[in-house]
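Enquirer: File model35.cif below, mmCIF, C-alpha atoms and all ligand atoms:
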data_work
#
loop_
_atom_site.label_atom_id
_atom_site.label_comp_id
_atom_site.auth_asym_id
_atom_site.auth_seq_id
_atom_site.Cartn_x
_atom_site.Cartn_y
_atom_site.Cartn_z
CA MET A 988 0.00 0.00 0.00
CA THR A 989 1.35 3.43 -0.87
CA THR A 990 0.90 6.10 1.77
CA VAL A 991 -0.79 9.33 0.75
CA PRO A 992 1.53 12.32 1.23
CA LYS A 993 0.33 14.98 3.65
CA ILE A 994 0.96 17.60 0.96
CA ALA A 995 1.62 16.95 -2.74
CA LEU A 996 2.24 19.53 -5.44
CA LYS A 997 2.41 18.43 -9.08
CA GLY A 998 3.31 20.65 -12.01
CA VAL A 999 2.19 23.82 -10.20
CA THR A 1000 2.62 26.98 -12.24
CA LYS A 1001 1.84 30.61 -11.44
CA HIS A 1002 2.62 33.79 -13.29
CA PHE A 1003 2.08 37.46 -12.54
CA GLY A 1004 1.83 39.44 -15.78
CA PRO A 1005 4.76 38.44 -17.95
CA LYS A 1006 6.63 36.94 -15.00
CA LYS A 1007 6.49 33.18 -14.53
CA VAL A 1008 7.12 32.66 -10.81
CA LEU A 1009 6.26 28.97 -10.37
CA ASN A 1010 7.43 26.93 -13.29
CA GLY A 1011 6.13 23.43 -12.59
CA ILE A 1012 6.64 22.71 -8.89
CA ASP A 1013 6.73 19.03 -7.96
CA LEU A 1014 7.02 18.41 -4.22
CA GLU A 1015 5.75 15.93 -1.67
CA VAL A 1016 5.75 16.21 2.11
CA ALA A 1017 5.14 13.05 4.12
CA LYS A 1018 2.99 12.99 7.25
CA GLY A 1019 5.05 13.96 10.30
CA GLU A 1020 8.00 15.12 8.22
CA SER A 1021 9.79 18.45 8.59
CA LEU A 1022 10.64 19.78 5.14
CA VAL A 1023 12.68 22.95 4.69
CA VAL A 1024 12.54 24.82 1.37
CA ILE A 1025 15.63 26.88 0.65
CA GLY A 1026 16.21 29.25 -2.21
CA GLY A 1027 17.19 32.81 -3.03
CA SER A 1028 15.03 35.91 -2.79
CA GLY A 1029 12.23 36.04 -5.31
CA THR A 1030 12.47 32.38 -6.34
CA GLY A 1031 8.81 31.73 -5.47
CA LYS A 1032 8.95 30.25 -1.96
CA SER A 1033 6.19 32.43 -0.52
CA VAL A 1034 4.07 32.15 -3.67
CA MET A 1035 4.29 28.37 -3.29
CA LEU A 1036 3.15 28.44 0.36
CA LYS A 1037 0.36 30.90 -0.44
CA SER A 1038 -0.80 28.59 -3.23
CA VAL A 1039 -1.06 25.67 -0.80
CA LEU A 1040 -3.10 27.86 1.58
CA GLY A 1041 -5.35 28.99 -1.28
CA LEU A 1042 -4.37 32.64 -0.84
CA LEU A 1043 -3.22 32.44 -4.47
CA THR A 1044 -4.70 30.23 -7.19
CA PRO A 1045 -2.18 28.45 -9.40
CA ASP A 1046 -2.54 28.72 -13.18
CA SER A 1047 -2.15 24.97 -13.58
CA GLY A 1048 -1.09 21.85 -11.72
CA SER A 1049 -2.40 20.02 -8.71
CA ILE A 1050 -2.12 20.64 -4.97
CA GLN A 1051 -3.38 17.92 -2.65
CA VAL A 1052 -3.63 17.90 1.13
CA ASP A 1053 -4.30 14.43 2.56
CA GLY A 1054 -5.10 13.29 -0.97
CA VAL A 1055 -7.78 15.97 -1.52
CA GLU A 1056 -7.35 18.38 -4.41
CA THR A 1057 -7.42 21.89 -2.92
CA THR A 1058 -7.13 24.11 -5.97
CA ARG A 1059 -10.86 23.86 -6.70
CA LEU A 1060 -12.32 23.87 -3.18
CA ARG A 1061 -15.40 25.94 -2.38
CA SER A 1062 -14.95 28.45 0.41
CA ARG A 1063 -16.55 26.30 3.16
CA GLU A 1064 -14.47 23.29 2.25
CA ARG A 1065 -11.38 25.49 2.07
CA GLU A 1066 -12.10 26.86 5.53
CA LYS A 1067 -12.32 23.30 6.85
CA MET A 1068 -9.05 22.41 5.14
CA LEU A 1069 -7.38 25.50 6.59
CA HIS A 1070 -8.19 24.27 10.11
CA LYS A 1071 -5.40 21.74 9.56
CA PHE A 1072 -2.85 24.55 9.22
CA GLY A 1073 -0.92 26.71 11.65
CA MET A 1074 1.33 29.45 10.39
CA LEU A 1075 4.23 31.43 11.77
CA PHE A 1076 4.54 34.50 9.59
CA GLN A 1077 7.69 36.37 8.79
CA GLY A 1078 7.99 39.16 11.39
CA ALA A 1079 5.47 37.31 13.62
CA ALA A 1080 2.59 39.55 12.32
CA LEU A 1081 0.98 40.18 15.71
CA PHE A 1082 -1.89 42.61 16.28
CA ASP A 1083 -0.67 45.49 18.43
CA SER A 1084 -4.25 46.35 19.42
CA LEU A 1085 -4.57 43.00 21.21
CA THR A 1086 -2.70 41.68 24.24
CA VAL A 1087 -0.23 38.83 23.83
CA TRP A 1088 -2.70 36.18 25.02
CA GLU A 1089 -5.45 37.55 22.77
CA ASN A 1090 -3.06 37.22 19.83
CA VAL A 1091 -2.32 33.61 20.74
CA ALA A 1092 -6.01 32.85 21.29
CA PHE A 1093 -7.17 34.72 18.16
CA GLY A 1094 -7.96 31.60 16.11
CA LEU A 1095 -9.58 29.83 19.06
CA ILE A 1096 -11.93 32.74 19.78
CA GLN A 1097 -12.62 33.93 16.23
CA GLY A 1098 -12.37 30.64 14.35
CA GLU A 1099 -13.67 28.14 16.88
CA HIS A 1100 -15.84 30.48 18.99
CA MET A 1101 -14.24 29.20 22.17
CA PRO A 1102 -15.22 31.06 25.39
CA ARG A 1103 -12.57 33.68 26.23
CA ALA A 1104 -11.67 32.21 29.64
CA GLN A 1105 -11.01 28.78 28.15
CA ALA A 1106 -9.08 30.27 25.21
CA LYS A 1107 -6.98 32.30 27.64
CA GLU A 1108 -6.09 29.19 29.61
CA ILE A 1109 -4.88 27.48 26.43
CA ALA A 1110 -3.01 30.63 25.32
CA VAL A 1111 -1.15 30.85 28.64
CA ALA A 1112 -0.25 27.14 28.42
CA LYS A 1113 1.04 27.58 24.85
CA LEU A 1114 3.05 30.63 25.94
CA GLY A 1115 4.56 28.40 28.62
CA ALA A 1116 5.46 25.83 25.95
CA VAL A 1117 7.55 28.48 24.17
CA GLY A 1118 9.19 29.66 27.40
CA LEU A 1119 7.10 32.74 28.17
CA THR A 1120 5.71 33.34 31.66
CA PRO A 1121 2.03 34.18 32.35
CA ASP A 1122 2.83 37.87 33.09
CA VAL A 1123 3.81 38.28 29.41
CA ALA A 1124 0.26 37.29 28.45
CA GLU A 1125 -1.15 40.67 29.48
CA LEU A 1126 1.45 42.78 27.65
CA SER A 1127 1.08 44.37 24.24
CA PRO A 1128 3.25 42.84 21.45
CA ALA A 1129 4.88 46.27 21.05
CA GLU A 1130 6.43 45.84 24.51
CA LEU A 1131 8.28 42.66 23.46
CA SER A 1132 11.68 42.08 21.86
CA GLY A 1133 11.84 40.53 18.38
CA GLY A 1134 12.73 37.12 19.82
CA MET A 1135 9.79 37.23 22.24
CA GLN A 1136 7.47 38.26 19.41
CA LYS A 1137 8.60 35.21 17.43
CA ARG A 1138 7.83 33.02 20.45
CA VAL A 1139 4.35 34.54 20.65
CA GLY A 1140 3.91 33.91 16.91
CA LEU A 1141 4.96 30.32 17.48
CA ALA A 1142 2.54 29.95 20.42
CA ARG A 1143 -0.23 31.25 18.14
CA ALA A 1144 0.77 28.84 15.36
CA ILE A 1145 0.44 25.84 17.71
CA ALA A 1146 -2.56 27.07 19.76
CA ASP A 1147 -5.07 25.18 17.67
CA GLU A 1148 -2.89 22.03 17.61
CA PRO A 1149 -2.65 22.01 13.81
CA GLU A 1150 -1.71 18.98 11.73
CA ILE A 1151 0.51 21.07 9.46
CA ILE A 1152 2.59 24.12 10.37
CA PHE A 1153 4.14 26.55 7.90
CA PHE A 1154 7.09 28.61 9.07
CA ASP A 1155 7.93 31.58 6.85
CA GLU A 1156 11.54 32.60 7.52
CA PRO A 1157 11.23 32.04 11.28
CA THR A 1158 14.71 33.32 12.17
CA THR A 1159 14.88 36.44 10.00
CA GLY A 1160 15.95 39.47 12.01
CA LEU A 1161 17.11 37.51 15.07
CA ASP A 1162 20.64 37.27 16.44
CA PRO A 1163 22.23 33.81 15.98
CA ILE A 1164 21.64 32.74 19.56
CA MET A 1165 17.99 33.76 19.62
CA ALA A 1166 17.62 32.17 16.17
CA ASP A 1167 18.92 28.91 17.62
CA VAL A 1168 16.50 29.14 20.54
CA ILE A 1169 13.61 29.60 18.10
CA ASN A 1170 14.85 26.70 15.96
CA GLU A 1171 14.92 24.45 19.00
CA LEU A 1172 11.44 25.54 20.03
CA ILE A 1173 10.17 24.82 16.53
CA VAL A 1174 11.67 21.32 16.59
CA GLN A 1175 10.18 20.67 20.05
CA CYS A 1176 6.71 22.04 19.26
CA VAL A 1177 6.48 20.15 15.98
CA LYS A 1178 7.56 16.94 17.71
CA ASP A 1179 5.13 17.41 20.61
CA LEU A 1180 2.25 17.93 18.20
CA GLY A 1181 3.35 15.18 15.81
CA ALA A 1182 2.74 17.79 13.11
CA THR A 1183 3.98 18.00 9.53
CA ALA A 1184 6.15 21.11 9.08
CA VAL A 1185 7.15 23.14 6.04
CA THR A 1186 9.64 25.93 6.61
CA ILE A 1187 10.96 28.41 4.09
CA THR A 1188 14.25 30.05 4.90
CA HIS A 1189 17.53 31.50 3.65
CA ASP A 1190 19.16 30.55 6.93
CA MET A 1191 21.23 27.38 6.49
CA ALA A 1192 21.86 26.98 10.24
CA SER A 1193 18.11 26.97 10.72
CA ALA A 1194 17.57 24.53 7.82
CA ARG A 1195 20.14 22.11 9.23
CA LYS A 1196 18.51 22.20 12.65
CA ILE A 1197 14.86 21.98 11.64
CA ALA A 1198 14.86 19.79 8.54
CA ASP A 1199 14.41 16.07 8.04
CA ARG A 1200 14.51 16.81 4.33
CA ILE A 1201 15.56 19.89 2.36
CA ALA A 1202 14.24 21.02 -1.02
CA MET A 1203 15.87 23.76 -3.07
CA ILE A 1204 13.79 25.99 -5.30
CA TYR A 1205 15.36 27.86 -8.19
CA GLN A 1206 13.56 29.76 -10.94
CA GLY A 1207 10.22 28.39 -9.82
CA ARG A 1208 11.20 24.70 -9.86
CA ILE A 1209 12.38 22.28 -7.20
CA ILE A 1210 15.87 21.45 -8.45
CA TRP A 1211 17.01 19.22 -5.58
CA THR A 1212 15.55 17.37 -2.62
CA GLY A 1213 17.41 15.21 -0.17
CA HIS A 1214 18.00 14.39 3.45
CA ALA A 1215 19.30 17.27 5.53
CA ARG A 1216 22.44 15.27 6.28
CA ASP A 1217 23.22 15.12 2.53
CA ILE A 1218 23.07 18.86 1.94
CA ASP A 1219 26.86 19.23 1.97
CA ASN A 1220 27.26 16.41 -0.56
CA SER A 1221 24.33 17.14 -2.83
CA GLY A 1222 26.36 16.86 -6.02
CA ASN A 1223 24.35 19.83 -7.26
CA ALA A 1224 26.26 22.99 -8.14
CA TYR A 1225 23.25 25.25 -7.43
CA VAL A 1226 22.72 23.77 -3.96
CA ASP A 1227 26.44 23.97 -3.26
CA GLN A 1228 26.62 27.64 -4.20
CA PHE A 1229 23.59 28.49 -2.06
CA VAL A 1230 24.74 26.48 0.96
CA HIS A 1231 28.15 28.15 0.91
CA GLY A 1232 26.82 31.60 -0.02
CA ARG A 1233 29.18 32.06 -2.94
CA ALA A 1234 28.75 34.91 -5.41
CA ASP A 1235 30.32 32.76 -8.13
CA GLY A 1236 28.49 29.77 -9.54
CA PRO A 1237 25.56 28.84 -11.75
CA ILE A 1238 23.10 31.02 -9.79
CA LYS A 1239 23.21 34.50 -11.24
CA MET A 1240 21.71 37.18 -9.04
CA GLN A 1241 19.04 39.17 -10.79
CA ILE A 1242 19.90 42.80 -10.18
CA LYS A 1243 17.14 44.35 -12.27
CA ALA A 1244 13.49 43.61 -11.33
CA LEU A 1245 11.55 42.07 -14.23
N1 LIG B 1301 0.72 39.14 -5.65
C1 LIG B 1301 1.78 39.31 -6.46
N2 LIG B 1301 1.68 40.08 -7.56
C2 LIG B 1301 2.72 40.24 -8.40
N3 LIG B 1301 3.95 39.66 -8.22
C3 LIG B 1301 4.09 38.89 -7.14
C4 LIG B 1301 3.03 38.67 -6.20
N4 LIG B 1301 3.49 37.85 -5.22
C5 LIG B 1301 4.78 37.57 -5.53
N5 LIG B 1301 5.14 38.19 -6.67
C6 LIG B 1301 6.44 38.09 -7.32
O1 LIG B 1301 6.82 36.73 -7.39
C7 LIG B 1301 8.21 36.58 -7.18
C8 LIG B 1301 8.47 35.54 -6.11
O2 LIG B 1301 8.02 36.06 -4.87
P1 LIG B 1301 8.09 35.26 -3.50
O3 LIG B 1301 7.55 36.17 -2.47
O4 LIG B 1301 7.48 33.92 -3.63
O5 LIG B 1301 9.66 35.10 -3.33
P2 LIG B 1301 10.46 34.39 -2.15
O6 LIG B 1301 11.20 33.26 -2.78
O7 LIG B 1301 9.53 34.06 -1.03
O8 LIG B 1301 11.46 35.55 -1.77
P3 LIG B 1301 12.00 36.10 -0.37
O9 LIG B 1301 12.95 35.06 0.09
O10 LIG B 1301 12.69 37.35 -0.74
O11 LIG B 1301 10.82 36.30 0.53
C9 LIG B 1301 8.77 37.96 -6.84
O12 LIG B 1301 9.37 38.50 -7.99
C10 LIG B 1301 7.53 38.75 -6.48
O13 LIG B 1301 7.68 40.10 -6.84
#
Let me see the structure of the file written as C-alpha cells.
Ligand SMILES: Nc1ncnc2c1ncn2[C@@H]1O[C@H](COP(=O)(O)OP(=O)(O)OP(=O)(O)O)[C@@H](O)[C@H]1O
Expert:
Amino acid sequence: MTTVPKIALKGVTKHFGPKKVLNGIDLEVAKGESLVVIGGSGTGKSVMLKSVLGLLTPDSGSIQVDGVETTRLRSREREKMLHKFGMLFQGAALFDSLTVWENVAFGLIQGEHMPRAQAKEIAVAKLGAVGLTPDVAELSPAELSGGMQKRVGLARAIADEPEIIFFDEPTTGLDPIMADVINELIVQCVKDLGATAVTITHDMASARKIADRIAMIYQGRIIWTGHARDIDNSGNAYVDQFVHGRADGPIKMQIKAL
C-alpha cells in the first residue's frame, strides 16, 4: 500500500503578468515530516506556500492535502481544510491592538468560537510551551523584543494544535543565539504535536537544525531534494553555491526587477 503524502504539489505553475514565478513545482511532504525549502530571494517560496493555503490560485497543476485536491475547493471546504494549518509569519505579524494572550487565542476565539476564559487558559499554556511566563500574556506585542514576538507567533501557530505548520523565515531578524533558541522551540513544538512542518528560509543553520529533508527551489522549480544530512554532498552545483553563499556559480543574481 502506498501512503498518501500529507501535501503533494504536481506541475504547479503561477505567473504574474509576464513573469512566470512557479514553473512546474513538484514536491511531496510526508505525514510527520519536517521539510525545509531553501532558495534565493524572489524564487517563489512564498508564492508556493500561499498557493497551498489557497491565498493564491495556481494557473495549472495540482495541490493535494491528505489526498484531496485543494485548488478547486469551495470556500466552506477550504475553511475546513485551513483548520489543519498553523502558520508562523515572517515578522510574527501580531496585532498590536490585542494583548499577547489575545493574539495567541485569536484563532480559538474567532475561528472556533471558544469562550474567552477557556481560550486564555490554552493561550497561557502555549506561551509556557515556548518559554514565556504568564505575566507576558497581558502585555502588548509592542512591549516585546523581536525574539519574544517570534515566540508569541509560534505559540499562536500551535494554539489550535494544527496537523501542518508553515514557518515563513522564522529566524529572520534575530541574532544567531535567539535564532537557535527559536529553531529548538520549533523542533520541540512540531515533535510534541506530531505535526507535519514546512519551513521556508535562507538561513542554512536553521535549515540544518529543523529539517528532516531539504528542497531547493530555483527559478520556480524544485531542483534538488534530499536528506538534511546530505546537503553538503548534494552533487548539485546550485545547492552547493547556495549552501556556501558564494557569489560565483551557476546562480546568477538578478539585479534588475523584471
Ligand atoms: N501578488 C503578487 N503580484 C505580483 N507579483 C508577485 C506577487 N506575489 C509575488 N510576486 C512576485 O513573485 C516573485 C516571487 O516572490 P516570492 O515572495 O514567492 O519570493 P520568495 O522566494 O519568497 O522571496 P524572499 O525570500 O525574498 O521572501 C517575486 O518576484 C515577487 O515580486
Enquirer: How would you write, as a PyMOL selection string, the set of residues no farther than 10 Å from ligand LIG 1301 (chain B) when counting only C-alpha atoms and all ligand atoms?
Expert: chain A and resi 1001-1009+1024-1038+1042-1043+1077+1155-1156+1187-1189+1204-1207+1244-1245
Enquirer: Any chance you could export the current selection's C-alpha atoms as an mmCIF file, keeping the file's coordinate frame?
Expert:
data_model
loop_
_atom_site.group_PDB
_atom_site.id
_atom_site.type_symbol
_atom_site.label_atom_id
_atom_site.label_comp_id
_atom_site.auth_asym_id
_atom_site.auth_seq_id
_atom_site.Cartn_x
_atom_site.Cartn_y
_atom_site.Cartn_z
ATOM 1 C CA LYS A 1001 1.840 30.610 -11.440
ATOM 2 C CA HIS A 1002 2.620 33.790 -13.290
ATOM 3 C CA PHE A 1003 2.080 37.460 -12.540
ATOM 4 C CA GLY A 1004 1.830 39.440 -15.780
ATOM 5 C CA PRO A 1005 4.760 38.440 -17.950
ATOM 6 C CA LYS A 1006 6.630 36.940 -15.000
ATOM 7 C CA LYS A 1007 6.490 33.180 -14.530
ATOM 8 C CA VAL A 1008 7.120 32.660 -10.810
ATOM 9 C CA LEU A 1009 6.260 28.970 -10.370
ATOM 10 C CA VAL A 1024 12.540 24.820 1.370
ATOM 11 C CA ILE A 1025 15.630 26.880 0.650
ATOM 12 C CA GLY A 1026 16.210 29.250 -2.210
ATOM 13 C CA GLY A 1027 17.190 32.810 -3.030
ATOM 14 C CA SER A 1028 15.030 35.910 -2.790
ATOM 15 C CA GLY A 1029 12.230 36.040 -5.310
ATOM 16 C CA THR A 1030 12.470 32.380 -6.340
ATOM 17 C CA GLY A 1031 8.810 31.730 -5.470
ATOM 18 C CA LYS A 1032 8.950 30.250 -1.960
ATOM 19 C CA SER A 1033 6.190 32.430 -0.520
ATOM 20 C CA VAL A 1034 4.070 32.150 -3.670
ATOM 21 C CA MET A 1035 4.290 28.370 -3.290
ATOM 22 C CA LEU A 1036 3.150 28.440 0.360
ATOM 23 C CA LYS A 1037 0.360 30.900 -0.440
ATOM 24 C CA SER A 1038 -0.800 28.590 -3.230
ATOM 25 C CA LEU A 1042 -4.370 32.640 -0.840
ATOM 26 C CA LEU A 1043 -3.220 32.440 -4.470
ATOM 27 C CA GLN A 1077 7.690 36.370 8.790
ATOM 28 C CA ASP A 1155 7.930 31.580 6.850
ATOM 29 C CA GLU A 1156 11.540 32.600 7.520
ATOM 30 C CA ILE A 1187 10.960 28.410 4.090
ATOM 31 C CA THR A 1188 14.250 30.050 4.900
ATOM 32 C CA HIS A 1189 17.530 31.500 3.650
ATOM 33 C CA ILE A 1204 13.790 25.990 -5.300
ATOM 34 C CA TYR A 1205 15.360 27.860 -8.190
ATOM 35 C CA GLN A 1206 13.560 29.760 -10.940
ATOM 36 C CA GLY A 1207 10.220 28.390 -9.820
ATOM 37 C CA ALA A 1244 13.490 43.610 -11.330
ATOM 38 C CA LEU A 1245 11.550 42.070 -14.230
#
Enquirer: Would you list the contacts of Met1165 of chain A as JSON, numbers by chain, taking every protein, DNA or RNA residue within 10 Å and counting all atoms listed in the file, but skipping same-chain residues closer than 6 positions in sequence?
Expert: {"A": [1133, 1134, 1135, 1137, 1158, 1171]}
Enquirer: Please work out which residues fall within 10 Å of (21.1, 28.1, 10.5), coordinates as given in the file, with all atoms listed in the file counting, and return them as a ChimeraX atom specification.
Expert: /A:1158,1163,1166-1167,1170,1188-1197
Enquirer: Produce a file of the selected residues containing C-alpha atoms, as a PDB file, keeping the file's coordinate frame.
Expert:
ATOM      1  CA  THR A1158      14.710  33.320  12.170  1.00  0.00           C
ATOM      2  CA  PRO A1163      22.230  33.810  15.980  1.00  0.00           C
ATOM      3  CA  ALA A1166      17.620  32.170  16.170  1.00  0.00           C
ATOM      4  CA  ASP A1167      18.920  28.910  17.620  1.00  0.00           C
ATOM      5  CA  ASN A1170      14.850  26.700  15.960  1.00  0.00           C
ATOM      6  CA  THR A1188      14.250  30.050   4.900  1.00  0.00           C
ATOM      7  CA  HIS A1189      17.530  31.500   3.650  1.00  0.00           C
ATOM      8  CA  ASP A1190      19.160  30.550   6.930  1.00  0.00           C
ATOM      9  CA  MET A1191      21.230  27.380   6.490  1.00  0.00           C
ATOM     10  CA  ALA A1192      21.860  26.980  10.240  1.00  0.00           C
ATOM     11  CA  SER A1193      18.110  26.970  10.720  1.00  0.00           C
ATOM     12  CA  ALA A1194      17.570  24.530   7.820  1.00  0.00           C
ATOM     13  CA  ARG A1195      20.140  22.110   9.230  1.00  0.00           C
ATOM     14  CA  LYS A1196      18.510  22.200  12.650  1.00  0.00           C
ATOM     15  CA  ILE A1197      14.860  21.980  11.640  1.00  0.00           C
TER      16      ILE A1197
END
Enquirer: Could you check which of A:Val1091, A:Leu1126, A:Ile1201, A:Val1177 is closest to Arg1143 of chain A, using only C-alpha atoms?
Expert: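 Comparing A:Val1091, A:Leu1126, A:Ile1201, A:Val1177 against Arg1143 of chain A, the winner is A:Val1091.
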Enquirer: Name the closest residue to Leu1180 of chain A among the candidates A:Ala1116, A:Ile1164, A:Ala1234, A:Ala1202; distances are taken between atoms, counting all atoms listed in the file.
Expert: A:Ala1116
Enquirer: Report the distance between atom CA of Phe1154 of chain A and atom CA of Ser1021 of chain A in Å, rounded to one decimal place.
Expert: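 That distance, rounded to one decimal, is 10.5 Å.
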Enquirer: Which protein, DNA or RNA residues have an atom at most 10 Å from (18.7, 15.9, 4.3), counting all atoms listed in the file? List them as a list in words.
Expert: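 Residues lying no farther than 10 Å from the given point: Leu1022, Val1023, Ala1194, Arg1195, Ala1198, Asp1199, Arg1200, Ile1201, Ala1202, Thr1212, Gly1213, His1214, Ala1215, Arg1216, Asp1217, Ile1218, Asp1219, Asn1220 and Ser1221 of chain A.
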Enquirer: Go through A:Gly1232, A:Ala1146, A:Gly1222, A:Val1168 one by one, measure the shortest atom-to-atom distance of each to Leu1075 of chain A using only C-alpha atoms, and give the residue with the smallest value.
Expert: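 Under the stated criterion, the closest residue is A:Ala1146.
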Enquirer: Please compute the atom CA of His1070 of chain A-atom CA of Gly1140 of chain A distance, one decimal, in Å.
Expert: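 Calculated distance between atom CA of His1070 of chain A and atom CA of Gly1140 of chain A is 16.9 Å.
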Enquirer: Write out as a Markdown table a residue-level contact list of segment 1144-1234 of chain A versus segment 1093-1098 of chain A with cut-off 12 Å: for each qualifying residue the closest pair of atoms and the distance in Å to one decimal, counting all atoms listed in the file, rows sorted by chain and residue number upward.
Expert:
| residue | atom | partner | partner_atom | distance |
| --- | --- | --- | --- | --- |
| A:Ala1144 | CA | A:Gly1094 | CA | 9.2 |
| A:Ile1145 | CA | A:Gly1094 | CA | 10.3 |
| A:Ala1146 | CA | A:Leu1095 | CA | 7.6 |
| A:Asp1147 | CA | A:Leu1095 | CA | 6.6 |
| A:Glu1148 | CA | A:Leu1095 | CA | 10.4 |
| A:Pro1149 | CA | A:Gly1094 | CA | 11.2 |
Enquirer: Would you output that residue set with C-alpha atoms, as an mmCIF file, keeping the file's coordinate frame?
Expert:
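Output contents, as saved in selection_26.cif:
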data_model
loop_
_atom_site.group_PDB
_atom_site.id
_atom_site.type_symbol
_atom_site.label_atom_id
_atom_site.label_comp_id
_atom_site.auth_asym_id
_atom_site.auth_seq_id
_atom_site.Cartn_x
_atom_site.Cartn_y
_atom_site.Cartn_z
ATOM 1 C CA ALA A 1144 0.770 28.840 15.360
ATOM 2 C CA ILE A 1145 0.440 25.840 17.710
ATOM 3 C CA ALA A 1146 -2.560 27.070 19.760
ATOM 4 C CA ASP A 1147 -5.070 25.180 17.670
ATOM 5 C CA GLU A 1148 -2.890 22.030 17.610
ATOM 6 C CA PRO A 1149 -2.650 22.010 13.810
#
Enquirer: Work out how far apart atom CA of Arg1061 of chain A and atom CA of Pro1045 of chain A are and give it in Å to one decimal.
Expert: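 According to the coordinates, atom CA of Arg1061 of chain A and atom CA of Pro1045 of chain A are separated by 15.2 Å.
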